[in-house]
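Visitor: One file: input.cif (mmCIF, C-alpha atoms).
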```cif
data_entry
loop_
_atom_site.label_atom_id
_atom_site.label_comp_id
_atom_site.auth_asym_id
_atom_site.auth_seq_id
_atom_site.Cartn_x
_atom_site.Cartn_y
_atom_site.Cartn_z
CA MET T 1 115.47 115.27 112.89
CA SER T 2 116.51 117.93 110.38
CA ASN T 3 119.76 119.85 110.50
CA ILE T 4 118.05 123.16 109.80
CA ARG T 5 118.28 125.43 112.82
CA GLN T 6 114.87 126.04 114.36
CA SER T 7 114.30 129.33 116.18
CA TRP T 8 112.93 128.85 119.70
CA TYR T 9 111.64 132.43 119.66
CA GLU T 10 109.55 131.90 116.53
CA ALA T 11 108.22 128.44 117.47
CA GLY T 12 104.83 127.79 119.04
CA ALA T 13 104.27 125.76 122.22
CA ARG T 14 103.69 122.47 120.40
CA GLU T 15 106.69 122.98 118.11
CA ARG T 16 108.87 123.67 121.16
CA ILE T 17 107.78 120.43 122.83
CA ALA T 18 108.32 118.50 119.59
CA ALA T 19 111.87 119.89 119.38
CA LEU T 20 112.58 119.31 123.07
CA VAL T 21 111.55 115.70 123.64
CA ASP T 22 112.62 112.51 121.88
CA PRO T 23 110.64 111.66 118.74
CA ARG T 24 107.32 109.86 119.45
CA SER T 25 107.87 110.08 123.23
CA PHE T 26 105.33 112.81 124.00
CA ALA T 27 101.91 112.03 125.49
CA GLU T 28 99.70 115.02 126.21
CA PHE T 29 97.55 115.34 129.36
CA VAL T 30 94.17 117.11 129.06
CA GLY T 31 94.72 117.76 125.35
CA PRO T 32 92.71 120.11 123.13
CA GLU T 33 90.17 117.36 122.38
CA CYS T 34 89.09 117.56 126.05
CA ARG T 35 88.01 121.19 125.43
CA GLU T 36 88.99 122.17 128.97
CA THR T 37 88.69 125.89 128.20
CA SER T 38 88.57 129.01 130.34
CA PRO T 39 85.25 129.54 132.13
CA HIS T 40 85.88 133.30 132.32
CA LEU T 41 86.77 134.55 128.82
CA GLY T 42 83.25 134.07 127.43
CA ILE T 43 81.90 136.64 129.90
CA PHE T 44 84.07 139.21 128.11
CA ASP T 45 83.08 137.89 124.68
CA LEU T 46 86.65 136.72 124.14
CA PRO T 47 87.40 133.52 122.24
CA ALA T 48 88.78 130.55 124.19
CA GLN T 49 91.54 128.21 123.08
CA PHE T 50 91.02 124.45 123.42
CA ASP T 51 94.23 123.92 125.45
CA ASP T 52 93.86 127.28 127.30
CA GLY T 53 97.31 128.29 126.06
CA ILE T 54 99.42 125.59 127.71
CA VAL T 55 100.46 122.11 126.62
CA VAL T 56 101.35 119.61 129.37
CA GLY T 57 102.37 115.97 129.17
CA SER T 58 105.10 113.40 129.56
CA GLY T 59 108.02 112.51 127.33
CA SER T 60 111.72 111.85 127.41
CA ILE T 61 114.80 113.97 126.75
CA VAL T 62 117.70 111.88 125.43
CA GLY T 63 116.14 108.88 127.17
CA THR T 64 115.45 110.58 130.53
CA PRO T 65 111.71 110.50 131.36
CA VAL T 66 110.37 113.96 132.16
CA LEU T 67 107.13 115.83 132.56
CA VAL T 68 106.97 118.79 130.24
CA ALA T 69 104.91 121.98 129.84
CA ALA T 70 104.97 124.73 127.22
CA GLN T 71 103.05 128.00 127.26
CA GLU T 72 101.66 129.43 124.02
CA GLY T 73 102.82 133.05 124.05
CA ARG T 74 100.62 134.04 121.12
CA PHE T 75 97.35 133.21 122.92
CA MET T 76 96.62 136.09 125.34
CA GLY T 77 100.35 136.71 125.70
CA GLY T 78 100.77 133.29 127.30
CA ALA T 79 99.01 134.62 130.39
CA PHE T 80 97.90 132.46 133.30
CA GLY T 81 94.19 131.82 133.81
CA GLU T 82 92.35 129.31 135.96
CA VAL T 83 92.60 126.27 133.65
CA HIS T 84 96.05 127.19 132.30
CA GLY T 85 97.36 127.43 135.86
CA ALA T 86 95.61 124.27 137.06
CA LYS T 87 97.27 122.26 134.28
CA LEU T 88 100.73 123.37 135.45
CA THR T 89 99.88 122.85 139.14
CA GLY T 90 98.67 119.33 138.34
CA LEU T 91 101.83 118.57 136.37
CA LEU T 92 104.08 119.70 139.25
CA ARG T 93 102.10 117.67 141.80
CA ALA T 94 102.39 114.65 139.51
CA ALA T 95 106.14 115.30 139.30
CA LYS T 96 106.42 115.03 143.07
CA ALA T 97 104.24 111.89 143.22
CA LEU T 98 106.15 110.19 140.39
CA ALA T 99 109.57 111.59 141.45
CA ARG T 100 110.05 112.76 137.87
CA ASP T 101 111.81 115.94 136.73
CA VAL T 102 109.86 118.73 135.03
CA VAL T 103 110.80 120.99 132.13
CA ILE T 104 108.72 124.16 131.67
CA ALA T 105 108.95 126.32 128.54
CA PHE T 106 107.80 129.72 129.78
CA ASP T 107 106.32 132.31 127.42
CA THR T 108 104.11 134.60 129.46
CA GLY T 109 103.20 138.16 130.31
CA GLY T 110 101.84 137.08 133.71
CA VAL T 111 98.24 136.72 134.85
CA ARG T 112 95.24 137.31 132.56
CA LEU T 113 93.44 140.47 133.63
CA GLN T 114 90.07 138.88 132.73
CA GLU T 115 90.54 136.13 135.32
CA ALA T 116 92.89 137.91 137.67
CA ASN T 117 91.87 136.34 140.99
CA ALA T 118 91.88 132.79 139.63
CA GLY T 119 95.18 133.51 137.89
CA GLU T 120 96.88 134.95 140.98
CA ILE T 121 95.74 131.95 143.04
CA ALA T 122 97.09 129.69 140.31
CA ILE T 123 100.51 131.39 140.52
CA ALA T 124 100.61 130.78 144.28
CA GLU T 125 99.57 127.14 143.83
CA ILE T 126 102.20 126.59 141.14
CA MET T 127 104.95 128.14 143.29
CA ARG T 128 103.96 125.90 146.19
CA ALA T 129 103.78 122.79 143.98
CA ALA T 130 107.17 123.59 142.39
CA THR T 131 108.78 124.12 145.79
CA GLU T 132 107.28 120.95 147.27
CA ALA T 133 108.45 118.95 144.25
CA ARG T 134 111.96 120.41 144.59
CA ILE T 135 112.17 119.65 148.31
CA ALA T 136 111.25 116.07 147.39
CA GLY T 137 114.27 116.00 145.05
CA VAL T 138 112.63 116.77 141.71
CA ARG T 139 114.38 119.11 139.26
CA VAL T 140 112.23 121.90 137.80
CA VAL T 141 113.99 123.30 134.74
CA GLY T 142 112.73 126.52 133.17
CA LEU T 143 113.35 127.47 129.53
CA ILE T 144 112.93 131.12 128.58
CA GLY T 145 113.37 132.46 125.06
CA GLY T 146 109.90 133.27 123.76
CA ARG T 147 108.12 136.28 122.34
CA ALA T 148 106.35 137.20 125.57
CA GLY T 149 109.41 136.63 127.78
CA CYS T 150 108.65 135.58 131.35
CA TYR T 151 106.91 138.33 133.31
CA GLY T 152 104.59 138.86 136.25
CA GLY T 153 103.71 135.66 138.10
CA GLY T 154 105.71 133.78 135.46
CA GLY T 155 108.82 135.58 136.73
CA LEU T 156 107.98 134.48 140.28
CA ILE T 157 107.55 130.84 139.20
CA ALA T 158 110.82 131.03 137.26
CA GLY T 159 112.44 132.10 140.53
CA CYS T 160 111.31 128.79 142.06
CA CYS T 161 113.03 126.68 139.38
CA SER T 162 116.16 124.63 140.03
CA THR T 163 117.79 125.70 136.75
CA LEU T 164 116.87 128.46 134.30
CA ILE T 165 118.00 128.29 130.68
CA VAL T 166 117.69 131.54 128.76
CA SER T 167 118.46 132.96 125.32
CA GLU T 168 119.23 136.54 124.36
CA GLN T 169 115.54 137.00 123.40
CA GLY T 170 114.30 135.67 126.72
CA ARG T 171 113.42 138.36 129.23
CA ILE T 172 112.81 137.64 132.91
CA SER T 173 111.23 140.07 135.31
CA VAL T 174 108.17 140.51 137.49
CA THR T 175 107.13 144.03 136.49
CA GLY T 176 107.33 144.55 132.74
CA PRO T 177 108.68 147.61 130.88
CA GLU T 178 105.28 149.14 130.09
CA VAL T 179 104.08 148.77 133.68
CA ILE T 180 107.21 150.44 135.09
CA GLU T 181 106.84 153.31 132.63
CA THR T 182 103.12 153.72 133.45
CA ASN T 183 103.73 153.83 137.19
CA LYS T 184 107.09 155.61 137.45
CA GLY T 185 107.29 157.69 134.29
CA VAL T 186 109.33 157.52 131.11
CA GLU T 187 112.36 159.08 132.85
CA GLU T 188 112.52 156.01 135.08
CA PHE T 189 112.10 153.47 132.29
CA ASP T 190 111.46 154.03 128.59
CA SER T 191 109.61 150.87 127.52
CA ARG T 192 110.13 151.70 123.84
CA ASP T 193 113.92 151.68 124.25
CA ARG T 194 114.42 148.06 123.17
CA ALA T 195 118.15 148.09 123.96
CA LEU T 196 117.39 149.26 127.51
CA VAL T 197 114.71 146.57 127.97
CA TRP T 198 117.03 143.78 126.80
CA ARG T 199 120.00 145.17 128.76
CA THR T 200 117.93 145.26 131.95
CA MET T 201 115.76 142.13 131.67
CA GLY T 202 117.32 140.12 128.84
CA GLY T 203 119.01 136.74 128.95
CA LYS T 204 122.59 138.01 129.07
CA HIS T 205 122.08 140.32 132.04
CA ARG T 206 120.08 137.70 133.95
CA THR T 207 122.84 135.17 133.36
CA LEU T 208 125.63 137.54 134.43
CA ILE T 209 123.99 138.42 137.74
CA GLY T 210 123.06 134.82 138.56
CA GLY T 211 119.35 135.18 137.76
CA ALA T 212 119.62 132.52 135.04
CA ASP T 213 122.00 129.58 134.98
CA MET T 214 122.64 128.70 131.35
CA PHE T 215 122.77 130.95 128.28
CA VAL T 216 121.99 129.48 124.85
CA ASP T 217 121.54 130.63 121.27
CA ASP T 218 118.02 131.06 119.92
CA ASP T 219 118.08 127.47 118.68
CA ALA T 220 115.64 124.73 119.70
CA MET T 221 118.42 122.12 119.71
CA ALA T 222 120.54 124.33 121.99
CA PHE T 223 117.62 124.48 124.43
CA ARG T 224 117.23 120.68 124.26
CA GLU T 225 120.95 120.13 124.90
CA ALA T 226 120.94 122.61 127.80
CA ALA T 227 117.83 120.92 129.27
CA ARG T 228 119.63 117.58 129.09
CA ALA T 229 122.60 119.07 130.94
CA ALA T 230 120.33 120.71 133.54
CA LEU T 231 118.62 117.36 134.22
CA ALA T 232 122.05 115.89 135.03
CA ARG T 233 122.80 118.52 137.69
CA PRO T 234 122.36 117.68 141.37
CA ALA T 235 118.86 118.36 142.69
CA ARG T 236 119.10 120.03 146.05
CA LEU T 237 116.87 122.51 147.83
CA ASP T 238 117.10 122.90 151.57
CA ILE T 239 117.35 125.65 154.14
CA ASP T 240 121.10 126.05 153.57
CA THR T 241 120.47 126.79 149.87
CA LEU T 242 117.98 129.50 150.73
CA VAL T 243 120.11 131.07 153.46
CA ALA T 244 123.08 131.23 151.10
CA GLU T 245 120.96 132.75 148.34
CA GLN T 246 119.46 135.32 150.70
CA ALA T 247 122.97 136.39 151.69
CA ARG T 248 124.00 136.63 148.04
CA LEU T 249 120.99 138.78 147.19
CA GLU T 250 121.76 141.11 150.12
CA ARG T 251 125.35 141.46 148.85
CA ARG T 252 124.00 142.12 145.38
CA ILE T 253 121.88 145.04 146.56
CA ALA T 254 124.79 146.46 148.55
CA GLN T 255 127.12 146.12 145.57
CA PHE T 256 124.89 147.11 142.65
CA GLY T 257 121.87 148.84 144.20
CA GLU T 258 122.92 152.39 143.33
CA MET T 259 123.99 151.67 139.75
CA PRO T 260 121.83 153.34 137.11
CA ASP T 261 122.36 150.89 134.27
CA ALA T 262 123.09 147.20 133.68
CA SER T 263 126.30 148.09 131.83
CA ASP T 264 127.63 149.67 135.07
CA ILE T 265 127.00 146.37 136.83
CA TRP T 266 128.84 144.46 134.11
CA ARG T 267 131.82 146.81 134.43
CA SER T 268 131.89 146.38 138.20
CA LEU T 269 131.87 142.59 137.71
CA GLY T 270 135.24 143.14 136.00
CA ILE T 271 134.14 143.10 132.36
CA ASP T 272 136.47 145.51 130.47
CA ASP T 273 134.17 146.37 127.58
CA PRO T 274 130.54 146.16 128.76
CA GLN T 275 129.27 147.90 125.60
CA ALA T 276 130.32 144.84 123.60
CA ILE T 277 128.12 142.45 125.60
CA PRO T 278 124.76 142.96 123.79
CA ASP T 279 126.15 142.10 120.34
CA MET T 280 128.35 139.26 121.49
CA PRO T 281 127.55 135.78 120.06
CA ALA T 282 126.78 132.98 122.54
CA THR T 283 130.20 131.34 122.23
CA GLY T 284 132.12 134.53 123.09
CA PHE T 285 129.62 135.34 125.82
CA ALA T 286 130.15 131.89 127.36
CA THR T 287 133.80 132.82 127.99
CA ILE T 288 132.73 136.03 129.77
CA VAL T 289 130.15 134.11 131.82
CA ALA T 290 132.68 131.49 132.90
CA GLN T 291 135.01 134.25 134.14
CA TYR T 292 132.74 136.93 135.59
CA ARG T 293 129.28 135.52 136.37
CA GLU T 294 127.90 135.89 139.87
CA SER T 295 127.33 132.32 140.98
CA ALA T 296 123.86 131.58 142.28
CA ASP T 297 122.74 128.86 144.66
CA ASP T 298 120.00 127.08 142.69
CA ALA T 299 117.65 129.73 144.02
CA ARG T 300 117.19 133.34 142.99
CA MET U 1 80.30 135.04 121.17
CA GLU U 2 78.49 133.88 118.06
CA ILE U 3 78.35 130.12 117.52
CA LEU U 4 77.78 128.88 113.96
CA HIS U 5 77.03 125.29 112.95
CA PHE U 6 77.42 123.82 109.51
CA ASP U 7 76.72 120.21 108.57
CA ILE U 8 77.20 119.76 104.87
CA ALA U 9 77.58 116.98 102.30
CA ALA U 10 81.25 116.17 101.66
CA PRO U 11 81.54 113.58 98.90
CA VAL U 12 85.30 112.94 99.21
CA PRO U 13 86.20 111.15 102.47
CA ALA U 14 89.26 112.30 104.42
CA GLY U 15 92.32 110.03 104.33
CA GLY U 16 94.72 108.90 107.03
CA THR U 17 94.19 107.28 110.40
CA ARG U 18 95.03 110.04 112.87
CA ALA U 19 92.27 110.72 115.36
CA MET U 20 92.97 114.42 115.71
CA ALA U 21 94.81 117.40 114.26
CA LEU U 22 95.25 120.90 115.65
CA VAL U 23 96.54 123.89 113.71
CA GLY U 24 96.75 127.61 114.35
CA VAL U 25 96.41 129.66 117.49
CA VAL U 26 93.75 132.02 118.86
CA ALA U 27 95.41 135.38 118.30
CA SER U 28 94.42 138.57 116.54
CA GLY U 29 93.72 137.80 112.88
CA ASN U 30 94.36 134.11 113.47
CA LEU U 31 92.31 131.08 114.52
CA GLU U 32 92.70 127.53 115.77
CA VAL U 33 91.20 124.59 113.93
CA LEU U 34 90.65 121.27 115.72
CA VAL U 35 89.98 118.44 113.29
CA GLU U 36 88.51 115.15 114.56
CA ARG U 37 86.76 112.13 113.03
CA GLY U 38 82.97 112.28 112.94
CA ASP U 39 80.25 109.66 112.38
CA ALA U 40 79.04 109.95 108.79
CA PRO U 41 81.79 109.48 106.16
CA ASP U 42 79.97 111.66 103.65
CA ARG U 43 79.31 114.64 105.91
CA CYS U 44 81.52 117.38 107.33
CA ALA U 45 80.38 119.09 110.53
CA ILE U 46 81.91 122.44 111.39
CA GLU U 47 81.34 124.46 114.55
CA ILE U 48 82.68 128.01 114.71
CA SER U 49 82.99 130.16 117.79
CA THR U 50 83.72 133.79 116.92
CA ALA U 51 83.62 137.17 118.62
CA ALA U 52 83.08 138.88 115.25
CA HIS U 53 79.28 138.76 114.98
CA GLY U 54 77.25 138.92 111.76
CA PHE U 55 79.50 137.13 109.26
CA ARG U 56 77.47 133.94 108.75
CA ASP U 57 77.25 134.40 104.97
CA LEU U 58 81.01 134.79 104.68
CA TRP U 59 81.68 131.69 106.81
CA ASP U 60 79.10 129.80 104.73
CA ALA U 61 81.01 130.66 101.54
CA VAL U 62 84.43 129.77 103.00
CA VAL U 63 83.16 126.44 104.38
CA ALA U 64 81.42 125.51 101.10
CA ASP U 65 84.59 126.31 99.17
CA PHE U 66 86.66 124.21 101.59
CA VAL U 67 84.42 121.13 101.38
CA GLY U 68 84.30 121.47 97.57
CA ARG U 69 88.09 121.52 97.26
CA ARG U 70 89.36 119.20 100.00
CA ALA U 71 88.77 115.63 101.16
CA ALA U 72 86.70 116.64 104.19
CA GLY U 73 84.18 113.76 104.38
CA GLY U 74 83.81 112.20 107.84
CA LEU U 75 85.45 115.12 109.65
CA ARG U 76 84.23 117.06 112.64
CA ILE U 77 85.88 120.48 112.80
CA ALA U 78 85.82 122.97 115.66
CA ILE U 79 87.09 126.51 115.23
CA ASN U 80 87.99 129.18 117.77
CA ASP U 81 88.26 132.39 115.80
CA GLY U 82 90.36 135.40 116.72
CA GLY U 83 88.98 137.59 113.91
CA ALA U 84 90.78 135.85 111.03
CA ARG U 85 90.26 136.92 107.41
CA PRO U 86 88.67 134.42 105.02
CA ASP U 87 91.98 133.61 103.31
CA THR U 88 93.57 132.75 106.66
CA VAL U 89 90.57 130.56 107.52
CA SER U 90 90.91 128.69 104.20
CA LEU U 91 94.62 128.19 104.80
CA ARG U 92 94.12 126.79 108.32
CA LEU U 93 91.31 124.45 107.17
CA ALA U 94 93.58 123.13 104.42
CA GLN U 95 96.43 122.67 106.94
CA GLY U 96 94.12 120.81 109.32
CA VAL U 97 92.92 118.36 106.67
CA ARG U 98 96.49 117.81 105.51
CA MET U 99 97.68 117.15 109.06
CA ILE U 100 95.02 114.57 109.93
CA GLU U 101 96.03 112.64 106.78
CA GLU U 102 99.69 112.46 107.84
CA PRO U 103 101.06 109.43 109.70
CA GLU U 104 101.50 109.87 113.49
CA ALA U 105 104.66 111.85 114.18
#
```
What do you get writing this file as structure tokens?

Guide:
Amino acid sequence: MSNIRQSWYEAGARERIAALVDPRSFAEFVGPECRETSPHLGIFDLPAQFDDGIVVGSGSIVGTPVLVAAQEGRFMGGAFGEVHGAKLTGLLRAAKALARDVVIAFDTGGVRLQEANAGEIAIAEIMRAATEARIAGVRVVGLIGGRAGCYGGGGLIAGCCSTLIVSEQGRISVTGPEVIETNKGVEEFDSRDRALVWRTMGGKHRTLIGGADMFVDDDAMAFREAARAALARPARLDIDTLVAEQARLERRIAQFGEMPDASDIWRSLGIDDPQAIPDMPATGFATIVAQYRESADDAR
Amino acid sequence: MEILHFDIAAPVPAGGTRAMALVGVVASGNLEVLVERGDAPDRCAIEISTAAHGFRDLWDAVVADFVGRRAAGGLRIAINDGGARPDTVSLRLAQGVRMIEEPEA
């Protein structure tokens, strides 16, 4: 393994898996040679990809056997289609059957418009499979730091994970910036204001309000180390977890609901200089997180 | 979608023992190339799936150039094209042949 820092943001799905798992431990399921491609894209004269934009398989992370998935954000924005979704559903069902933890590298804009119904059903199936695996004691760890972020149905699935690891570049939301602007107007949300987008949906804000659990640098080895740590955390999902999280989210709306900007929320969490947060390196930010972060309940 | 098939003489056989190599991604101006082992060691079969119709002559030239320059004998290559330029296609084909020659990672 080289000592040169590898950007998670710049890497493709296969490079991310190679960086994440132990050398020579990865075995792909339904690989590109199976040519299990989308049955819908051809109708629109759009080219398919042999793996339908997601790589799934088994491997190990520092010796711990895991099932692993990575979305390819450059193919159709990493969006979910019928085959893409079925591969992740199958992996999560296998995780429950094998009692093996799952690591998912998200990089998605949501559901493919060209296969919207199949994609939406896939999102529901994945959420169910993830929840059933978690109730059975399996950890489902989400990694978010890619070009496409984690939007739409991807944001909903991320909400079902036991631990979310995010970098500054990672954005998590259901409705994306352009969609908000289209529906509510530029006064509500200017999607071209990059600082606003990152402040509202980016890794730091999500971590501070308990939407993500671990914040890392844009470094593949940092993601691997955080995944290792997440796999060592207790796996627990029961009704008490959900009741506690529901109460926390109600308090969050009461406390922050009227605030116009993320920086107002950071100030009300007790952070003296919220303007300094966006430019803060991960090490300095870790200190802030340890002191001021809203603690979540392994649900969000 | 236009599907193009080429099956051409490739005098230099490909090296290595890997069964498969995959390079590139289907994105605008890019393409994915799946390289596998075929039957005849002195032939190279290439199948191209592209949404940009009417460029058979250009593909013909790029493929002929590739087989003339690289050890492509015995390979079966499948391409999903996202509207890549000829230079990008040549680069990905070269990457694919290089990757299938490498030892298993």

Visitor: Could you jot down the CA of Gly38 in chain U to CA of Leu75 in chain U separation for me, Å, one decimal place?

Guide: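 Value for the CA of Gly38 in chain U-CA of Leu75 in chain U distance: 5.0 Å.
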
Visitor: Quick check, in Å to one decimal: how far apart do CA of Val23 in chain U and CA of Ile79 in chain U lie?

Guide: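 A separation of 9.9 Å between them.
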
Visitor: Pick out the closest residue to Val216 in chain T from this set: T:Pro39, T:Val186, T:Phe256, T:Val166. Count only C-alpha atoms.

Guide: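 Among T:Pro39, T:Val186, T:Phe256, T:Val166, it is T:Val166 that comes nearest to Val216 in chain T.
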
Visitor: The PyMOL selection byres ((chain T) within 8 of (chain U)) - which residues does that actually catch in the file I just gave you? List them as a PDB file with C-alpha atoms, keeping the file's coordinate frame.

Guide:
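The resulting expr_17.pdb:
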```pdb
ATOM      1  CA  PRO T  23     110.640 111.660 118.740  1.00  0.00           C
ATOM      2  CA  ARG T  24     107.320 109.860 119.450  1.00  0.00           C
ATOM      3  CA  PRO T  32      92.710 120.110 123.130  1.00  0.00           C
ATOM      4  CA  GLU T  33      90.170 117.360 122.380  1.00  0.00           C
ATOM      5  CA  GLY T  42      83.250 134.070 127.430  1.00  0.00           C
ATOM      6  CA  ASP T  45      83.080 137.890 124.680  1.00  0.00           C
ATOM      7  CA  LEU T  46      86.650 136.720 124.140  1.00  0.00           C
ATOM      8  CA  PRO T  47      87.400 133.520 122.240  1.00  0.00           C
ATOM      9  CA  ALA T  48      88.780 130.550 124.190  1.00  0.00           C
ATOM     10  CA  GLN T  49      91.540 128.210 123.080  1.00  0.00           C
ATOM     11  CA  PHE T  50      91.020 124.450 123.420  1.00  0.00           C
ATOM     12  CA  ARG T  74     100.620 134.040 121.120  1.00  0.00           C
ATOM     13  CA  PHE T  75      97.350 133.210 122.920  1.00  0.00           C
ATOM     14  CA  MET T  76      96.620 136.090 125.340  1.00  0.00           C
TER      15      MET T  76
END
```

Visitor: Kindly provide, as a PDB file with C-alpha atoms, in the frame of the given file, the polymer residues lying within 7 Å of (86.2, 131.4, 102.8), counting all atoms listed in the file and using the coordinates exactly as they appear in the file.

Guide:
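For reference, result-v9.pdb as written:
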```
ATOM      1  CA  LEU U  58      81.010 134.790 104.680  1.00  0.00           C
ATOM      2  CA  TRP U  59      81.680 131.690 106.810  1.00  0.00           C
ATOM      3  CA  ALA U  61      81.010 130.660 101.540  1.00  0.00           C
ATOM      4  CA  VAL U  62      84.430 129.770 103.000  1.00  0.00           C
ATOM      5  CA  VAL U  63      83.160 126.440 104.380  1.00  0.00           C
ATOM      6  CA  ASP U  65      84.590 126.310  99.170  1.00  0.00           C
ATOM      7  CA  PRO U  86      88.670 134.420 105.020  1.00  0.00           C
ATOM      8  CA  ASP U  87      91.980 133.610 103.310  1.00  0.00           C
ATOM      9  CA  VAL U  89      90.570 130.560 107.520  1.00  0.00           C
ATOM     10  CA  SER U  90      90.910 128.690 104.200  1.00  0.00           C
TER      11      SER U  90
END
```

Visitor: Where does the PyMOL selection byres ((chain T and resi 135-139) around 10) land in this file, that is, which residues does it pick, as JSON, numbers by chain?

Guide: {"T": [66, 92, 95, 96, 97, 98, 99, 100, 101, 102, 103, 129, 130, 131, 132, 133, 134, 140, 141, 142, 161, 162, 163, 230, 231, 232, 233, 234, 235, 236, 237, 238, 239]}

Visitor: Assuming the chain letters and numbering stay as they are in my file, what does the PyMOL selection byres ((chain U and resi 98) around 10) actually select? List them as a PDB file with C-alpha atoms, in the frame of the given file.

Guide:
```pdb
ATOM      1  CA  ALA U  14      89.260 112.300 104.420  1.00  0.00           C
ATOM      2  CA  GLY U  15      92.320 110.030 104.330  1.00  0.00           C
ATOM      3  CA  GLY U  16      94.720 108.900 107.030  1.00  0.00           C
ATOM      4  CA  ALA U  21      94.810 117.400 114.260  1.00  0.00           C
ATOM      5  CA  ARG U  70      89.360 119.200 100.000  1.00  0.00           C
ATOM      6  CA  ALA U  71      88.770 115.630 101.160  1.00  0.00           C
ATOM      7  CA  ALA U  72      86.700 116.640 104.190  1.00  0.00           C
ATOM      8  CA  ARG U  92      94.120 126.790 108.320  1.00  0.00           C
ATOM      9  CA  LEU U  93      91.310 124.450 107.170  1.00  0.00           C
ATOM     10  CA  ALA U  94      93.580 123.130 104.420  1.00  0.00           C
ATOM     11  CA  GLN U  95      96.430 122.670 106.940  1.00  0.00           C
ATOM     12  CA  GLY U  96      94.120 120.810 109.320  1.00  0.00           C
ATOM     13  CA  VAL U  97      92.920 118.360 106.670  1.00  0.00           C
ATOM     14  CA  MET U  99      97.680 117.150 109.060  1.00  0.00           C
ATOM     15  CA  ILE U 100      95.020 114.570 109.930  1.00  0.00           C
ATOM     16  CA  GLU U 101      96.030 112.640 106.780  1.00  0.00           C
ATOM     17  CA  GLU U 102      99.690 112.460 107.840  1.00  0.00           C
TER      18      GLU U 102
END
```

Visitor: Taking 2 positions as the minimum chain separation for residues in the same chain, which residues sit within 12 Å of Tyr292 in chain T when counting all atoms listed in the file? Answer as a PyMOL selection string.

Guide: chain T and resi 205+207-210+265-272+274+285-290+294-295

Visitor: With only C-alpha atoms as the atoms that count, which of U:Pro11, U:Pro41, U:Pro103, U:Gly54 lies nearest to Arg76 in chain U?

Guide: U:Pro41

Visitor: So, with all atoms listed in the file as the atoms that count, which of T:Thr175, T:Gln246, T:Thr64, T:Ser263 lies closest to Val111 in chain T?

Guide: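 Ranked by minimum distance to Val111 in chain T, first place goes to T:Thr175.
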
Visitor: May I ask for the distance between CA of Leu156 in chain T and CA of Glu82 in chain T, given in Å to one decimal place?

Guide: 17.0 Å

Visitor: Hey, which of U:Ala9, U:Ala40, U:Thr88, U:Phe55 ends up closest to Val67 in chain U? Count only C-alpha atoms.

Guide: U:Ala9

Visitor: List every protein, DNA or RNA residue with an atom no more than 9 Å from (80.0, 117.8, 109.5) in the file's coordinates, counting only C-alpha atoms, and format the result as a VMD selection string.

Guide: chain U and resid 5 to 10 38 to 40 42 to 47 72 to 77

Visitor: Point out the residue among T:Glu36, T:Asp261, T:Glu120, T:Asp218 with the least atom-to-atom distance to Ala11 in chain T, counting only C-alpha atoms.

Guide: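 Checking each of T:Glu36, T:Asp261, T:Glu120, T:Asp218 against Ala11 in chain T, counting only C-alpha atoms, the winner is T:Asp218.
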
Visitor: With only C-alpha atoms as the atoms that count, which of T:Pro278, T:Ala116, T:Ile43, T:Ile144 lies nearest to Arg194 in chain T?

Guide: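 Among T:Pro278, T:Ala116, T:Ile43, T:Ile144, it is T:Pro278 that comes nearest to Arg194 in chain T.
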
Visitor: Which polymer residues have any atom within 10 Å of an atom of Gly170 in chain T, counting only C-alpha atoms, with same-chain residues fewer than 6 positions away left out, as a PyMOL selection string?

Guide: chain T and resi 8-9+106-107+143-150+198+201-204+206+215+218

Visitor: Take the residues that were just selected and, keeping C-alpha atoms, output them as an mmCIF file, in the coordinates of the input.

Guide:
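Printed below is again23.cif as written:
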```cif
data_model
loop_
_atom_site.group_PDB
_atom_site.id
_atom_site.type_symbol
_atom_site.label_atom_id
_atom_site.label_comp_id
_atom_site.auth_asym_id
_atom_site.auth_seq_id
_atom_site.Cartn_x
_atom_site.Cartn_y
_atom_site.Cartn_z
ATOM 1 C CA TRP T 8 112.930 128.850 119.700
ATOM 2 C CA TYR T 9 111.640 132.430 119.660
ATOM 3 C CA PHE T 106 107.800 129.720 129.780
ATOM 4 C CA ASP T 107 106.320 132.310 127.420
ATOM 5 C CA LEU T 143 113.350 127.470 129.530
ATOM 6 C CA ILE T 144 112.930 131.120 128.580
ATOM 7 C CA GLY T 145 113.370 132.460 125.060
ATOM 8 C CA GLY T 146 109.900 133.270 123.760
ATOM 9 C CA ARG T 147 108.120 136.280 122.340
ATOM 10 C CA ALA T 148 106.350 137.200 125.570
ATOM 11 C CA GLY T 149 109.410 136.630 127.780
ATOM 12 C CA CYS T 150 108.650 135.580 131.350
ATOM 13 C CA TRP T 198 117.030 143.780 126.800
ATOM 14 C CA MET T 201 115.760 142.130 131.670
ATOM 15 C CA GLY T 202 117.320 140.120 128.840
ATOM 16 C CA GLY T 203 119.010 136.740 128.950
ATOM 17 C CA LYS T 204 122.590 138.010 129.070
ATOM 18 C CA ARG T 206 120.080 137.700 133.950
ATOM 19 C CA PHE T 215 122.770 130.950 128.280
ATOM 20 C CA ASP T 218 118.020 131.060 119.920
#
```

Visitor: Name all residues at most 9 Å from Val68 in chain T (count only C-alpha atoms; drop same-chain ones fewer than 2 positions away) and give them as a ChimeraX atom specification.

Guide: /T:17,21,26,55-60,66,70,91,101-105
